[in-house]
Amino acid sequence: MLGDETGGVRHGRRALILVENLSVPFDRRVWQECLTLRDAGWEVHVICPAGGKRDTEREAVIDGVRIHRYPLRAATGGPAGYLREYGSALWHTLRLARKVGPVDVVHACNPPDLLFLPARWLKRRGARFVFDQHDLVPELYLSRFDRGEDLLYRAVCALERMTYRAADVVLATNESYRDVAVSRGGRRAEDVFVVRSAPDTARFRPVPPEPELKRGKPHLLCYLGVMGPQDGVDYALRALARLRDELGRTDWHAVFVGGGDTFDAMVELSRRLGLADRVEFTGRVPDADLVRYLSTADVCLSPDPRNPLNDVSTMNKVLEYMVMGRPIVSFDLKEARVSAGDAAVYAPANDESAFARLVAMLLDDPEKRALMGKAGQERIGGPLAWRNSQRALLDAYAAALSAGARGRAGTGPRR
């Protein structure tokens with residue numbers, strides 16, 4: 001078993017994973033962690049919100065993982081909406097955690113940085129706490145709300161500090177996040193483990209392209225991902241308008257796959273820019289349809305603007321473009337370069353005209369597109385492969401259990 005080879009994890013352990021911002025198994029990173037732990041002999045439970053169109057059952061056992069879901073209305077508008085959402089999520093999480101019962105490890109995935117509260121309640125009952133930092137919430141706040149370092153900003157900084165202090169070990173998605181955990185969070189370097197997100201290569205495999213998806217145009221451009229204020233879909237749309245107006249390129253159709261709280265605003269922006277006849281918004285689609293679009297795309301778009309969050313974050317869409325062998329146009333962000341390397345070309349940060357010029361350059365150079373696609377697949381199969389993160393995840397769990405053994409002189413969770 002994998003657990004016998006990595007960190008000496010014993011069979012029969014129970015883990016509880018807490019997620020608030022996505023349902024499971026829709027959250028691919030969390031689902032890969034669940035399956036890795038299951039294969040290492042852990043009994044895995046997950047508490048998460050129910051999805052809207054999928055992951056709707058209140059309780060399900062999928063591939064041996066027991067998932068407990070609760071109803072949650074996602075926030076809209078400003079910070080007050082998030083306070084209502086998070087209050088409801090915390091109540092349901094505590095309710096379901098009592099139902100699950102004692103566990104050896106509670107594994108909380110942010111955002112928000114509030115899940116340390118149920119985690120701390122479980123720690124008092126013998127669990128160890130693994131903090132899985134998916135986002136830097138203070139940077140997310142600055143990037144999303146444009147309110148500066150106000151009272152709410154100071155509050156989210158305080159919550160992050162409390163989460164770091166409560167955790168036995170921290171999982172970081174990249175080295176930039178690891179540096180923050182050590183420098184800002186005051187964590188020892190040996191207690192922070194880099195567990196990179198990686199696409200599931202069994203689910204994401206290229207299929208033959210379908211020219212009809214190009215809607216009669218020679219080229220298809222594709223965006224995949226969340227559509228929120230910080231995700232840059234507006235930058236992509238303005239860049240496409242410049243591709244048409246400044247460069248005279250009308251030989252393309254674009255598909256934007258995904259949803260989010262700015263989805264309707266982005267559809268309206270495409271209309272205002274006169275792009276409605278050549279930009280298609282699909283919403284969220286099944287994996288099979290996503291693979292069809294990516295397999296047909298000539299160029300994929302990663303328009304995340306440089307801001308305090310994006311510059312140091314690993315973008316899942318970049319990794320998914322790479323596993324499908326697609327060339328990428330990105331703004332020049334620190335962690336985008338770490339992930340994509342030669343699989344992307346990089347426009348100066350937030351420069352929409354330069355972004356458009358790079359798209360045009362790639363459309364005219366099929367040989368470069370092929371080389372970039374191959375480079376991305378090689379990176380996903382090598383240094384960015386999930387197998388490397390599996391080992392780091394299990395090492396982190398072993399370290400958490402060791403911390404518990406040192407701190408409690410061999411006591412375990414109260415059964």
# chains A, B, ... in the order shown; residues from 1 in each chain; ligands from 1
>>> residues_around(residues="segment 368-377 of chain A", least_positions_apart="2", cutoff="7 Å", atoms="only C-alpha atoms", output="PyMOL selection string")
chain A and resi 322-323+325-327+340+342-344+362+365-366+379-381
>>> select_by_dssp(residues="segment 265-305 of chain A", states="helix (DSSP H, G or I)", output="list in words")
Ala265, Met266, Val267, Glu268, Leu269, Ser270, Arg271, Arg272, Asp287, Ala288, Asp289, Leu290, Val291, Arg292, Tyr293, Leu294, Ser295 and Thr296 of chain A
>>> residues_around(residues="Phe331 of chain A", least_positions_apart="4", cutoff="7 Å", atoms="only C-alpha atoms", output="list in words")
Pro303, Asp304, Pro305, Tyr346, Ala347, Pro348, Ala349 and Asn350 of chain A
>>> residues_around(residues="Leu122 of chain A", least_positions_apart="3", cutoff="10 Å", atoms="only C-alpha atoms", output="list in words")
Leu16, Leu94, Ala97, Arg98, Gly101, Pro102, Val103, Asp104, Val105, Val106, Phe116, Leu117, Pro118, Ala119, Arg125, Gly126, Ala127, Arg128, Phe129 and Pro413 of chain A
>>> closest_residue(among="A:Gly51, A:Gly185, A:Pro209, A:Pro112", to="Pro25 of chain A", atoms="only C-alpha atoms")
A:Gly51
>>> closest_residue(among="A:Ala60, A:Gly12, A:Asp39, A:Trp121", to="Val24 of chain A", atoms="only C-alpha atoms")
A:Ala60
>>> atom_distance(atom1="atom CA of Leu221 of chain A", atom2="atom CA of Glu320 of chain A")
14.7 Å
>>> residues_around(residues="Lys217 of chain A", least_positions_apart="5", cutoff="10 Å", atoms="only C-alpha atoms", output="PDB file with C-alpha atoms, in the first residue's frame")
ATOM      1  CA  PRO A 211     -13.675  21.498 -36.215  1.00  0.00           C
ATOM      2  CA  GLU A 212     -17.380  22.307 -35.845  1.00  0.00           C
ATOM      3  CA  THR A 250     -11.444  37.940 -37.430  1.00  0.00           C
ATOM      4  CA  ASP A 251     -10.283  34.363 -38.097  1.00  0.00           C
ATOM      5  CA  TRP A 252     -11.148  33.026 -34.651  1.00  0.00           C
ATOM      6  CA  HIS A 253     -13.973  31.888 -32.417  1.00  0.00           C
ATOM      7  CA  ALA A 254     -13.573  31.934 -28.624  1.00  0.00           C
ATOM      8  CA  ARG A 278     -17.678  35.331 -31.860  1.00  0.00           C
TER       9      ARG A 278
END
>>> closest_residue(among="A:His92, A:Arg391, A:Lys317, A:Arg306", to="Pro199 of chain A", atoms="only C-alpha atoms")
A:Lys317
>>> closest_atom_pairs(of="segment 106-207 of chain A", to="segment 223-232 of chain A", cutoff="12 Å", atoms="only C-alpha atoms", output="JSON lines")
{"residue": "A:Glu139", "atom": "CA", "partner": "A:Gln230", "partner_atom": "CA", "distance": 10.6}
{"residue": "A:Leu140", "atom": "CA", "partner": "A:Gln230", "partner_atom": "CA", "distance": 8.1}
{"residue": "A:Tyr141", "atom": "CA", "partner": "A:Gln230", "partner_atom": "CA", "distance": 9.8}
{"residue": "A:Leu142", "atom": "CA", "partner": "A:Gln230", "partner_atom": "CA", "distance": 9.7}
{"residue": "A:Ser143", "atom": "CA", "partner": "A:Gln230", "partner_atom": "CA", "distance": 6.0}
{"residue": "A:Arg144", "atom": "CA", "partner": "A:Gln230", "partner_atom": "CA", "distance": 5.5}
{"residue": "A:Phe145", "atom": "CA", "partner": "A:Pro229", "partner_atom": "CA", "distance": 8.2}
{"residue": "A:Asp146", "atom": "CA", "partner": "A:Pro229", "partner_atom": "CA", "distance": 10.0}
>>> closest_residue(among="A:Leu237, A:Leu301, A:Ala356, A:Val130", to="Met315 of chain A", atoms="only C-alpha atoms")
A:Leu301
